[in-house]
>>> print(open('model_12.txt').read())   # compact mmCIF, C-alpha atoms
# COMPACT_ATOMS: atom_id res chain seq x y z
CA MET D 1 128.38 79.39 162.59
CA PRO D 2 129.84 75.99 163.61
CA ARG D 3 127.67 74.03 166.00
CA PRO D 4 129.32 74.02 169.45
CA SER D 5 130.17 70.80 171.23
CA ARG D 6 129.00 70.11 174.76
CA ARG D 7 132.42 70.57 176.28
CA LEU D 8 132.69 73.63 178.48
CA TRP D 9 135.48 74.90 180.66
CA LEU D 10 136.61 77.94 182.60
CA GLU D 11 139.49 79.92 181.20
CA PRO D 12 141.21 83.17 182.28
CA LEU D 13 140.34 86.13 180.06
CA GLU D 14 143.40 88.21 180.87
CA GLY D 15 146.23 87.49 178.45
CA ARG D 16 143.99 85.32 176.27
CA VAL D 17 145.16 85.15 172.64
CA ASN D 18 142.71 83.95 170.03
CA PRO D 19 144.98 82.27 167.44
CA VAL D 20 144.36 83.20 163.82
CA SER D 21 143.60 80.45 161.36
CA PHE D 22 142.68 80.40 157.68
CA GLY D 23 141.00 77.57 155.83
CA SER D 24 142.02 76.00 152.55
CA PRO D 25 141.79 78.57 149.75
CA THR D 26 139.48 78.59 146.77
CA GLU D 27 141.43 79.56 143.67
CA TYR D 28 140.48 81.25 140.43
CA MET D 29 143.12 81.19 137.71
CA PHE D 30 143.34 83.77 134.91
CA GLY D 31 146.46 82.65 133.07
CA GLY D 32 148.27 85.93 133.61
CA ASN D 33 150.16 87.74 136.33
CA SER D 34 147.91 89.08 139.09
CA GLY D 35 149.24 91.74 141.43
CA PHE D 36 146.56 93.82 143.16
CA SER D 37 143.01 93.53 144.49
CA ALA D 38 140.16 95.43 146.12
CA ALA D 39 136.65 94.67 147.39
CA GLY D 40 133.22 96.29 147.25
CA ASP D 41 129.54 95.46 146.68
CA PHE D 42 129.24 95.65 142.87
CA ASP D 43 125.66 94.39 142.54
CA GLY D 44 124.04 95.78 145.68
CA ASP D 45 123.17 92.41 147.24
CA GLY D 46 125.07 93.02 150.48
CA ASP D 47 127.89 90.60 149.71
CA LEU D 48 131.41 91.86 149.13
CA ASP D 49 132.62 91.32 145.58
CA VAL D 50 136.24 91.41 144.45
CA VAL D 51 138.27 92.96 141.67
CA VAL D 52 141.68 91.58 140.73
CA ALA D 53 144.19 93.48 138.60
CA ASP D 54 146.12 91.15 136.33
CA PHE D 55 149.06 92.59 134.41
CA VAL D 56 148.21 90.52 131.34
CA ALA D 57 144.50 89.72 131.47
CA GLY D 58 143.31 93.15 132.65
CA VAL D 59 141.08 94.23 135.53
CA ILE D 60 138.77 91.34 136.43
CA PRO D 61 135.59 91.83 138.50
CA MET D 62 134.39 88.80 140.47
CA VAL D 63 130.81 88.74 141.76
CA ASN D 64 130.16 87.03 145.09
CA THR D 65 127.37 84.48 144.69
CA GLY D 66 127.16 83.91 148.45
CA ALA D 67 129.42 82.61 151.24
CA GLY D 68 132.58 83.63 149.39
CA ALA D 69 132.05 81.80 146.08
CA PHE D 70 132.56 83.91 142.96
CA THR D 71 131.60 84.22 139.33
CA VAL D 72 134.46 85.64 137.28
CA GLY D 73 133.35 88.47 135.01
CA ALA D 74 134.72 89.76 131.74
CA ALA D 75 138.07 91.51 132.03
CA LEU D 76 138.08 95.29 131.66
CA PRO D 77 140.61 96.52 129.08
CA ILE D 78 143.01 98.09 131.59
CA LYS D 79 146.51 96.63 131.55
CA ASP D 80 149.72 96.98 133.54
CA VAL D 81 147.79 97.98 136.66
CA ARG D 82 149.90 99.07 139.64
CA SER D 83 147.06 99.85 142.06
CA VAL D 84 143.26 99.44 142.21
CA ARG D 85 140.46 100.80 144.43
CA VAL D 86 136.68 100.41 144.64
CA VAL D 87 134.62 103.52 145.44
CA ASP D 88 131.52 105.37 144.23
CA MET D 89 133.20 108.12 142.21
CA ASP D 90 130.09 109.71 140.64
CA GLY D 91 127.67 109.56 143.58
CA ASP D 92 125.09 107.33 141.91
CA GLY D 93 125.17 104.74 144.69
CA LYS D 94 127.02 102.19 142.54
CA GLN D 95 130.58 101.09 143.18
CA ASP D 96 133.16 102.06 140.54
CA ILE D 97 136.69 100.78 139.89
CA VAL D 98 139.66 103.17 139.92
CA ALA D 99 143.04 101.93 138.71
CA ALA D 100 146.54 103.29 138.17
CA SER D 101 147.38 101.90 134.76
CA GLY D 102 150.40 101.69 132.50
CA ARG D 103 148.30 101.23 129.35
CA LEU D 104 144.96 100.17 127.90
CA ALA D 105 144.39 96.95 126.01
CA SER D 106 144.45 98.87 122.73
CA GLY D 107 148.22 99.24 123.15
CA GLY D 108 150.62 102.14 123.54
CA SER D 109 151.94 103.52 126.78
CA GLY D 110 148.60 105.04 127.78
CA GLU D 111 149.75 105.78 131.35
CA ASN D 112 146.69 107.00 133.20
CA VAL D 113 144.19 106.81 136.01
CA ALA D 114 141.30 104.73 134.67
CA ILE D 115 137.75 104.84 136.06
CA ALA D 116 135.25 102.11 135.17
CA ARG D 117 131.76 103.10 136.28
CA GLY D 118 129.68 100.38 137.87
CA ASN D 119 126.32 99.48 136.35
CA GLY D 120 125.05 98.17 139.68
CA ASP D 121 124.69 94.59 138.45
CA GLY D 122 128.31 93.45 138.74
CA THR D 123 129.31 94.75 135.32
CA PHE D 124 131.15 97.94 134.42
CA ALA D 125 131.18 100.50 131.62
CA ALA D 126 134.19 101.13 129.42
CA PRO D 127 136.87 103.01 131.36
CA ILE D 128 137.32 106.78 131.35
CA THR D 129 140.98 107.74 131.53
CA ARG D 130 142.92 110.74 132.80
CA PRO D 131 146.56 110.86 131.65
CA ILE D 132 149.40 110.82 134.15
CA ALA D 133 152.98 109.70 133.58
CA ASP D 134 154.28 106.54 135.26
CA PRO D 135 151.65 106.04 138.01
CA GLN D 136 152.87 103.63 140.69
CA ALA D 137 150.00 103.63 143.18
CA LEU D 138 146.85 105.55 144.06
CA THR D 139 144.55 106.13 147.00
CA VAL D 140 141.10 107.70 147.25
CA ALA D 141 139.81 110.20 149.83
CA ASP D 142 137.74 113.39 149.99
CA PHE D 143 140.66 115.82 150.17
CA ASN D 144 138.72 119.09 149.73
CA GLY D 145 135.66 118.25 151.83
CA ASP D 146 133.03 118.55 149.09
CA GLY D 147 131.62 115.08 149.64
CA ARG D 148 133.16 113.61 146.49
CA PRO D 149 136.09 111.16 146.53
CA ASP D 150 139.31 112.54 145.04
CA VAL D 151 142.36 110.63 143.84
CA ALA D 152 146.00 110.94 144.94
CA VAL D 153 148.62 109.26 142.77
CA VAL D 154 152.28 108.66 143.41
CA ALA D 155 154.12 108.95 140.10
CA ASN D 156 157.67 109.89 141.07
CA HIS D 157 156.09 112.81 142.97
CA LEU D 158 152.60 113.23 144.47
CA PHE D 159 149.76 114.20 142.13
CA VAL D 160 146.28 115.08 143.38
CA MET D 161 143.26 114.91 141.07
CA LEU D 162 140.12 116.48 142.53
CA ASN D 163 136.70 115.10 141.65
CA ASN D 164 134.85 117.66 139.51
CA GLY D 165 131.51 115.82 139.53
CA THR D 166 131.17 115.75 135.75
CA ALA D 167 130.20 112.69 133.75
CA THR D 168 132.82 113.14 131.04
CA THR D 169 136.11 113.63 132.89
CA VAL D 170 135.26 112.94 136.59
CA LEU D 171 138.70 114.18 137.68
CA ASP D 172 140.46 117.53 137.25
CA PRO D 173 143.99 117.58 135.79
CA PRO D 174 146.61 116.52 138.36
CA VAL D 175 148.28 119.04 140.67
CA ARG D 176 151.90 118.15 141.45
CA TYR D 177 153.58 118.24 144.87
CA VAL D 178 157.30 117.62 145.19
CA THR D 179 158.17 114.51 147.18
CA ASP D 180 160.63 111.67 146.89
CA SER D 181 161.53 111.26 143.22
CA ASP D 182 160.81 107.53 143.19
CA GLY D 183 157.60 107.10 145.18
CA LEU D 184 156.28 103.54 145.27
CA ASP D 185 153.18 103.50 147.48
CA LEU D 186 151.00 105.93 149.44
CA THR D 187 148.23 106.07 152.01
CA ALA D 188 145.76 108.73 153.17
CA ALA D 189 144.54 109.36 156.73
CA ASP D 190 143.98 112.25 159.13
CA PHE D 191 147.37 112.52 160.82
CA ASN D 192 146.89 115.80 162.74
CA GLY D 193 143.26 115.49 163.85
CA ASP D 194 141.81 118.36 161.80
CA GLY D 195 139.29 116.18 160.01
CA LYS D 196 141.11 116.36 156.65
CA PRO D 197 142.89 113.39 155.06
CA ASP D 198 146.66 113.80 154.76
CA VAL D 199 149.05 111.74 152.64
CA ALA D 200 152.16 109.64 153.35
CA ILE D 201 154.43 108.21 150.64
CA SER D 202 157.06 105.49 150.71
CA GLY D 203 159.97 105.48 148.26
CA ASN D 204 161.40 102.70 146.17
CA THR D 205 165.12 103.47 146.52
CA THR D 206 165.34 106.06 149.32
CA THR D 207 165.27 105.34 153.04
CA ARG D 208 162.51 107.65 154.21
CA VAL D 209 158.78 108.24 154.23
CA ASP D 210 157.35 111.61 153.16
CA VAL D 211 154.29 113.11 154.89
CA LEU D 212 152.24 115.97 153.41
CA LEU D 213 149.53 117.59 155.53
CA ASN D 214 146.27 118.77 153.97
CA THR D 215 145.83 122.55 154.20
CA GLY D 216 142.06 122.10 154.37
CA THR D 217 141.06 122.80 150.78
CA GLY D 218 142.53 119.76 149.06
CA ALA D 219 145.95 121.38 148.69
CA PHE D 220 149.00 120.11 150.57
CA GLY D 221 151.91 121.68 152.40
CA GLU D 222 155.55 120.85 151.93
CA LYS D 223 156.71 117.33 152.64
CA VAL D 224 158.23 116.34 155.99
CA SER D 225 160.52 113.33 155.75
CA TYR D 226 161.09 110.62 158.36
CA PRO D 227 164.06 108.24 158.10
CA LEU D 228 163.68 104.49 157.71
CA THR D 229 166.21 101.71 158.16
CA GLY D 230 166.03 100.68 154.50
CA ARG D 231 164.26 101.17 151.20
CA GLY D 232 160.52 101.66 151.49
CA GLY D 233 157.83 99.39 150.09
CA GLY D 234 154.17 99.06 150.98
CA ILE D 235 152.65 101.63 153.34
CA ALA D 236 149.48 101.78 155.44
CA ALA D 237 148.01 103.97 158.19
CA ALA D 238 146.33 102.33 161.18
CA ASP D 239 145.63 103.16 164.82
CA LEU D 240 147.52 100.31 166.48
CA ASP D 241 147.43 101.73 170.00
CA ARG D 242 143.80 102.89 169.96
CA ASP D 243 144.60 106.49 170.90
CA GLY D 244 142.68 107.98 167.97
CA ARG D 245 145.83 108.80 165.99
CA PRO D 246 147.03 106.58 163.13
CA GLU D 247 150.48 105.07 163.04
CA LEU D 248 152.42 104.62 159.80
CA LEU D 249 153.38 101.10 158.79
CA VAL D 250 156.06 100.81 156.12
CA THR D 251 157.56 97.64 154.71
CA ARG D 252 161.13 97.28 153.52
CA THR D 253 161.21 95.99 149.95
CA PHE D 254 164.51 94.17 150.36
CA GLY D 255 165.41 93.28 153.92
CA GLY D 256 162.32 91.66 155.40
CA GLN D 257 161.28 94.44 157.79
CA LEU D 258 158.16 96.26 158.92
CA SER D 259 158.61 99.72 160.45
CA VAL D 260 155.95 101.26 162.71
CA LEU D 261 156.09 105.04 163.23
CA LYS D 262 153.88 106.19 166.10
CA GLY D 263 151.76 109.24 165.34
CA ASN D 264 151.85 112.40 167.47
CA THR D 265 148.95 114.81 167.99
CA ASP D 266 150.36 117.43 165.58
CA GLY D 267 150.72 115.15 162.56
CA THR D 268 154.38 114.34 163.15
CA PHE D 269 155.76 110.87 163.74
CA GLN D 270 158.23 109.25 166.10
CA ALA D 271 161.27 107.20 165.12
CA PRO D 272 160.35 103.80 163.68
CA VAL D 273 160.13 100.60 165.68
CA VAL D 274 161.34 97.82 163.40
CA TYR D 275 159.90 94.31 163.24
CA THR D 276 161.70 91.56 161.34
CA ALA D 277 159.82 89.40 158.87
CA PRO D 278 160.74 85.74 158.39
CA SER D 279 161.58 86.37 154.72
CA PRO D 280 164.35 88.67 153.46
CA HIS D 281 162.00 89.79 150.67
CA GLY D 282 158.91 91.86 151.28
CA PRO D 283 156.59 91.79 153.15
CA GLY D 284 155.22 94.00 150.36
CA PRO D 285 151.79 95.68 150.35
CA LEU D 286 149.88 95.57 153.62
CA ALA D 287 146.33 94.61 154.63
CA VAL D 288 145.30 95.78 158.12
CA ALA D 289 142.29 94.29 159.92
CA ASP D 290 141.29 92.59 163.17
CA TYR D 291 141.94 89.02 162.07
CA ASP D 292 141.82 87.40 165.52
CA LEU D 293 138.66 89.27 166.61
CA ASP D 294 140.17 90.67 169.82
CA GLY D 295 139.41 94.32 169.05
CA ASN D 296 143.01 95.16 168.07
CA LEU D 297 144.27 95.76 164.56
CA ASP D 298 146.57 93.17 163.03
CA VAL D 299 148.84 93.42 159.99
CA VAL D 300 149.24 91.12 156.99
CA GLY D 301 151.93 91.41 154.33
CA SER D 302 152.96 89.19 151.46
CA SER D 303 156.09 88.21 149.61
CA PHE D 304 155.75 86.99 146.03
CA HIS D 305 159.43 85.97 146.16
CA THR D 306 158.83 83.31 148.83
CA ASP D 307 155.11 82.49 148.43
CA GLY D 308 154.48 83.53 152.03
CA ILE D 309 151.78 85.53 153.82
CA VAL D 310 153.10 87.14 157.01
CA LEU D 311 150.78 87.99 159.91
CA TRP D 312 151.58 90.20 162.90
CA THR D 313 148.83 90.30 165.52
CA GLY D 314 148.45 93.56 167.39
CA THR D 315 148.54 94.01 171.16
CA GLY D 316 146.35 97.12 171.16
CA GLU D 317 149.21 99.11 172.68
CA GLY D 318 150.98 100.00 169.45
CA THR D 319 153.22 96.93 169.38
CA LEU D 320 153.04 93.73 167.33
CA ASN D 321 153.56 90.11 168.29
CA THR D 322 155.99 87.66 166.72
CA PRO D 323 154.97 87.09 163.09
CA VAL D 324 153.37 83.92 161.78
CA VAL D 325 153.83 82.77 158.18
CA PHE D 326 151.14 81.11 156.04
CA ASN D 327 151.51 79.49 152.66
CA GLY D 328 150.23 82.13 150.26
CA GLY D 329 150.11 80.16 147.04
CA ILE D 330 152.24 81.18 144.05
CA GLY D 331 153.71 84.64 144.53
CA PRO D 332 151.00 86.37 146.64
CA SER D 333 150.89 90.14 146.23
CA GLY D 334 148.52 93.05 146.86
CA ILE D 335 146.38 91.23 149.45
CA THR D 336 142.99 92.65 150.46
CA ALA D 337 141.23 91.99 153.78
CA ALA D 338 137.48 91.61 153.25
CA ASP D 339 134.68 89.58 154.82
CA VAL D 340 133.66 87.84 151.61
CA THR D 341 132.07 84.90 153.43
CA GLY D 342 129.74 87.14 155.43
CA ASP D 343 130.53 85.57 158.81
CA GLY D 344 131.99 88.66 160.46
CA ARG D 345 135.62 87.61 160.01
CA PRO D 346 138.03 89.37 157.61
CA ASP D 347 139.13 86.90 154.94
CA LEU D 348 142.16 87.22 152.66
CA VAL D 349 141.99 87.91 148.93
CA ALA D 350 145.47 87.00 147.64
CA PRO D 351 146.35 87.67 143.97
CA GLN D 352 148.91 85.23 142.56
CA ARG D 353 151.68 87.11 140.83
CA SER D 354 153.55 84.13 139.42
CA SER D 355 152.28 82.19 136.39
CA PRO D 356 149.55 81.03 135.82
CA GLY D 357 148.24 83.99 137.82
CA GLY D 358 144.83 84.45 139.40
CA VAL D 359 143.63 84.83 142.98
CA LYS D 360 143.18 82.66 146.05
CA ILE D 361 140.47 83.34 148.65
CA TYR D 362 141.47 82.28 152.17
CA PRO D 363 138.48 82.07 154.56
CA ASN D 364 139.18 83.23 158.09
CA THR D 365 138.36 80.30 160.38
CA THR D 366 139.48 81.91 163.63
CA GLY D 367 137.36 80.80 166.56
CA VAL D 368 135.13 83.18 168.48
CA LEU D 369 135.09 83.59 172.25
CA ARG D 370 131.48 83.55 173.43
CA VAL D 371 130.69 85.18 176.76
CA PRO D 372 127.22 84.31 178.15
CA SER D 373 125.57 86.66 180.63
CA PRO D 374 125.76 86.40 183.54
CA VAL D 375 129.17 84.74 183.92
CA PRO D 376 128.81 82.16 186.73
CA VAL D 377 132.10 82.87 188.53
CA HIS D 378 133.22 84.97 191.48
CA ARG D 379 133.45 88.58 190.31
CA THR D 380 137.06 89.00 191.50
CA ILE D 381 138.27 86.32 189.07
CA PRO D 382 138.67 87.66 185.48
CA SER D 383 137.26 84.66 183.65
CA VAL D 384 134.88 83.72 180.85
CA TRP D 385 133.04 80.61 179.89
CA LYS D 386 134.23 79.31 176.55
CA LEU D 387 132.37 76.95 174.27
CA ASP D 388 134.58 74.63 172.26
CA PRO D 389 133.78 75.27 168.55
>>> encode(input="model_12.txt", output="structure tokens")
Amino acid sequence: MPRPSRRLWLEPLEGRVNPVSFGSPTEYMFGGNSGFSAAGDFDGDGDLDVVVADFVAGVIPMVNTGAGAFTVGAALPIKDVRSVRVVDMDGDGKQDIVAASGRLASGGSGENVAIARGNGDGTFAAPITRPIADPQALTVADFNGDGRPDVAVVANHLFVMLNNGTATTVLDPPVRYVTDSDGLDLTAADFNGDGKPDVAISGNTTTRVDVLLNTGTGAFGEKVSYPLTGRGGGIAAADLDRDGRPELLVTRTFGGQLSVLKGNTDGTFQAPVVYTAPSPHGPGPLAVADYDLDGNLDVVGSSFHTDGIVLWTGTGEGTLNTPVVFNGGIGPSGITAADVTGDGRPDLVAPQRSSPGGVKIYPNTTGVLRVPSPVPVHRTIPSVWKLDP
């Protein structure tokens, strides 16, 4: 925590915006083409570690040595990764890596979902694979309510692989649900308030988002499609207006737009509200977190075409403010929000998709409003004391 200066002044609380800032990044280069990332505690020390999926080098775990510095581990032999998650798949209390892969390092097409079990010390066992054709993205949730995380994969259509709890296969064979024939990304959240995670999918060439509601046993009903203004890209679910129901956020791959579809109580969605990004490309995959520490969710996207990171701060009422662009290095893509420095602020983990590849860690340096008690002002004036950091 920075030591405060002695300057002190009175400032109105109402309408106060805490501007987001990120410090100079620390970079780790792999010499490949890095596209996706995820975070979790691999060694059980309480610090968030990072995994970066590099198309050439493989899946690379990075162990946090404290305050957001990392030791780069040996690459796992999983190549052509389109999506990666960190979750305890086998219930042993150790974080595992799950990846949608085009092939293994041994060669061949090898299209599959790969699971690398964590050893609990920052290293991982050789991956177990379950075949699936042309996986584009995956997400993890307990779809059938048995306490074990299941996997949903978009591979042209939606495929759901339930966790069988066994050590040899981990996942059952995929069950197919008809959706858009060129799905690109997906997200899981409880859209209709029944306590079961549902799924939404964005398409690569079609102008709609498909929503499939969970029937309650890990099976899904027929898709319901909602029109977009252009081709879909990255997708996320987040409660932007704090009403307990998630909105859908969908990027436009070519056109520089972010669409927000407000969620209704029955799992349906309203027509999209469109926000324009500064770049005509992207903003690509999304990372949602409270970056400015005001209690409202904000949205970050990236564009590897223009080297930019785009930030929309949230108002808490379902709308977003004018976007701000940060320099994201060389082709940022697949950004993850994670407090890797341990200071309570979500930092940015930004894989670098252009050569030489690697990842940049941007520490969140946003200031914090401190409110002492009691506040020495007249109670009819909405004010706080603020210490200058």
>>> closest_residue(input="model_12.txt", among="D:Phe220, D:Phe191, D:Phe36, D:Tyr291", to="D:Gly263", atoms="all atoms listed in the file")
D:Phe191
>>> atom_distance(input="model_12.txt", atom1="atom CA of D:Val274", atom2="atom CA of D:Ala338")
26.7 Å
>>> residues_around(input="model_12.txt", residues="stretch 247-251 of chain D", least_positions_apart="2", cutoff="6 Å", atoms="only C-alpha atoms", output="count of residues only")
15
>>> atom_distance(input="model_12.txt", atom1="atom CA of D:Ala53", atom2="atom CA of D:Asn144")
28.5 Å
>>> atom_distance(input="model_12.txt", atom1="atom CA of D:Thr217", atom2="atom CA of D:Phe143")
7.0 Å
>>> closest_residue(input="model_12.txt", among="D:Ala125, D:Val325, D:Leu228, D:Leu138", to="D:Gly203", atoms="all atoms listed in the file")
D:Leu228
>>> closest_residue(input="model_12.txt", among="D:Tyr275, D:Phe70, D:Tyr362, D:Phe30", to="D:Gly122", atoms="all atoms listed in the file")
D:Phe70
>>> residues_around(input="model_12.txt", residues="D:Gly358", least_positions_apart="2", cutoff="12 Å", atoms="only C-alpha atoms", output="VMD selection string")
chain D and resid 26 to 37 51 to 62 72 329 to 334 349 to 356 360 to 361
>>> write_last_selection(input="model_12.txt", atoms="C-alpha atoms", output="short mmCIF file (atom, residue, chain, number, x, y, z; two decimals), in the coordinates of the input")
data_model
loop_
_atom_site.label_atom_id
_atom_site.label_comp_id
_atom_site.auth_asym_id
_atom_site.auth_seq_id
_atom_site.Cartn_x
_atom_site.Cartn_y
_atom_site.Cartn_z
CA THR D 26 139.48 78.59 146.77
CA GLU D 27 141.43 79.56 143.67
CA TYR D 28 140.48 81.25 140.43
CA MET D 29 143.12 81.19 137.71
CA PHE D 30 143.34 83.77 134.91
CA GLY D 31 146.46 82.65 133.07
CA GLY D 32 148.27 85.93 133.61
CA ASN D 33 150.16 87.74 136.33
CA SER D 34 147.91 89.08 139.09
CA GLY D 35 149.24 91.74 141.43
CA PHE D 36 146.56 93.82 143.16
CA SER D 37 143.01 93.53 144.49
CA VAL D 51 138.27 92.96 141.67
CA VAL D 52 141.68 91.58 140.73
CA ALA D 53 144.19 93.48 138.60
CA ASP D 54 146.12 91.15 136.33
CA PHE D 55 149.06 92.59 134.41
CA VAL D 56 148.21 90.52 131.34
CA ALA D 57 144.50 89.72 131.47
CA GLY D 58 143.31 93.15 132.65
CA VAL D 59 141.08 94.23 135.53
CA ILE D 60 138.77 91.34 136.43
CA PRO D 61 135.59 91.83 138.50
CA MET D 62 134.39 88.80 140.47
CA VAL D 72 134.46 85.64 137.28
CA GLY D 329 150.11 80.16 147.04
CA ILE D 330 152.24 81.18 144.05
CA GLY D 331 153.71 84.64 144.53
CA PRO D 332 151.00 86.37 146.64
CA SER D 333 150.89 90.14 146.23
CA GLY D 334 148.52 93.05 146.86
CA VAL D 349 141.99 87.91 148.93
CA ALA D 350 145.47 87.00 147.64
CA PRO D 351 146.35 87.67 143.97
CA GLN D 352 148.91 85.23 142.56
CA ARG D 353 151.68 87.11 140.83
CA SER D 354 153.55 84.13 139.42
CA SER D 355 152.28 82.19 136.39
CA PRO D 356 149.55 81.03 135.82
CA LYS D 360 143.18 82.66 146.05
CA ILE D 361 140.47 83.34 148.65
#
>>> residues_near_point(input="model_12.txt", point="(166.7, 107.6, 152.2)", cutoff="9 Å", atoms="all atoms listed in the file", output="PyMOL selection string")
chain D and resi 203+205-209+226-232
>>> write_last_selection(input="model_12.txt", atoms="C-alpha atoms", output="mmCIF file, in the coordinates of the input")
data_model
loop_
_atom_site.group_PDB
_atom_site.id
_atom_site.type_symbol
_atom_site.label_atom_id
_atom_site.label_comp_id
_atom_site.auth_asym_id
_atom_site.auth_seq_id
_atom_site.Cartn_x
_atom_site.Cartn_y
_atom_site.Cartn_z
ATOM 1 C CA GLY D 203 159.970 105.480 148.260
ATOM 2 C CA THR D 205 165.120 103.470 146.520
ATOM 3 C CA THR D 206 165.340 106.060 149.320
ATOM 4 C CA THR D 207 165.270 105.340 153.040
ATOM 5 C CA ARG D 208 162.510 107.650 154.210
ATOM 6 C CA VAL D 209 158.780 108.240 154.230
ATOM 7 C CA TYR D 226 161.090 110.620 158.360
ATOM 8 C CA PRO D 227 164.060 108.240 158.100
ATOM 9 C CA LEU D 228 163.680 104.490 157.710
ATOM 10 C CA THR D 229 166.210 101.710 158.160
ATOM 11 C CA GLY D 230 166.030 100.680 154.500
ATOM 12 C CA ARG D 231 164.260 101.170 151.200
ATOM 13 C CA GLY D 232 160.520 101.660 151.490
#
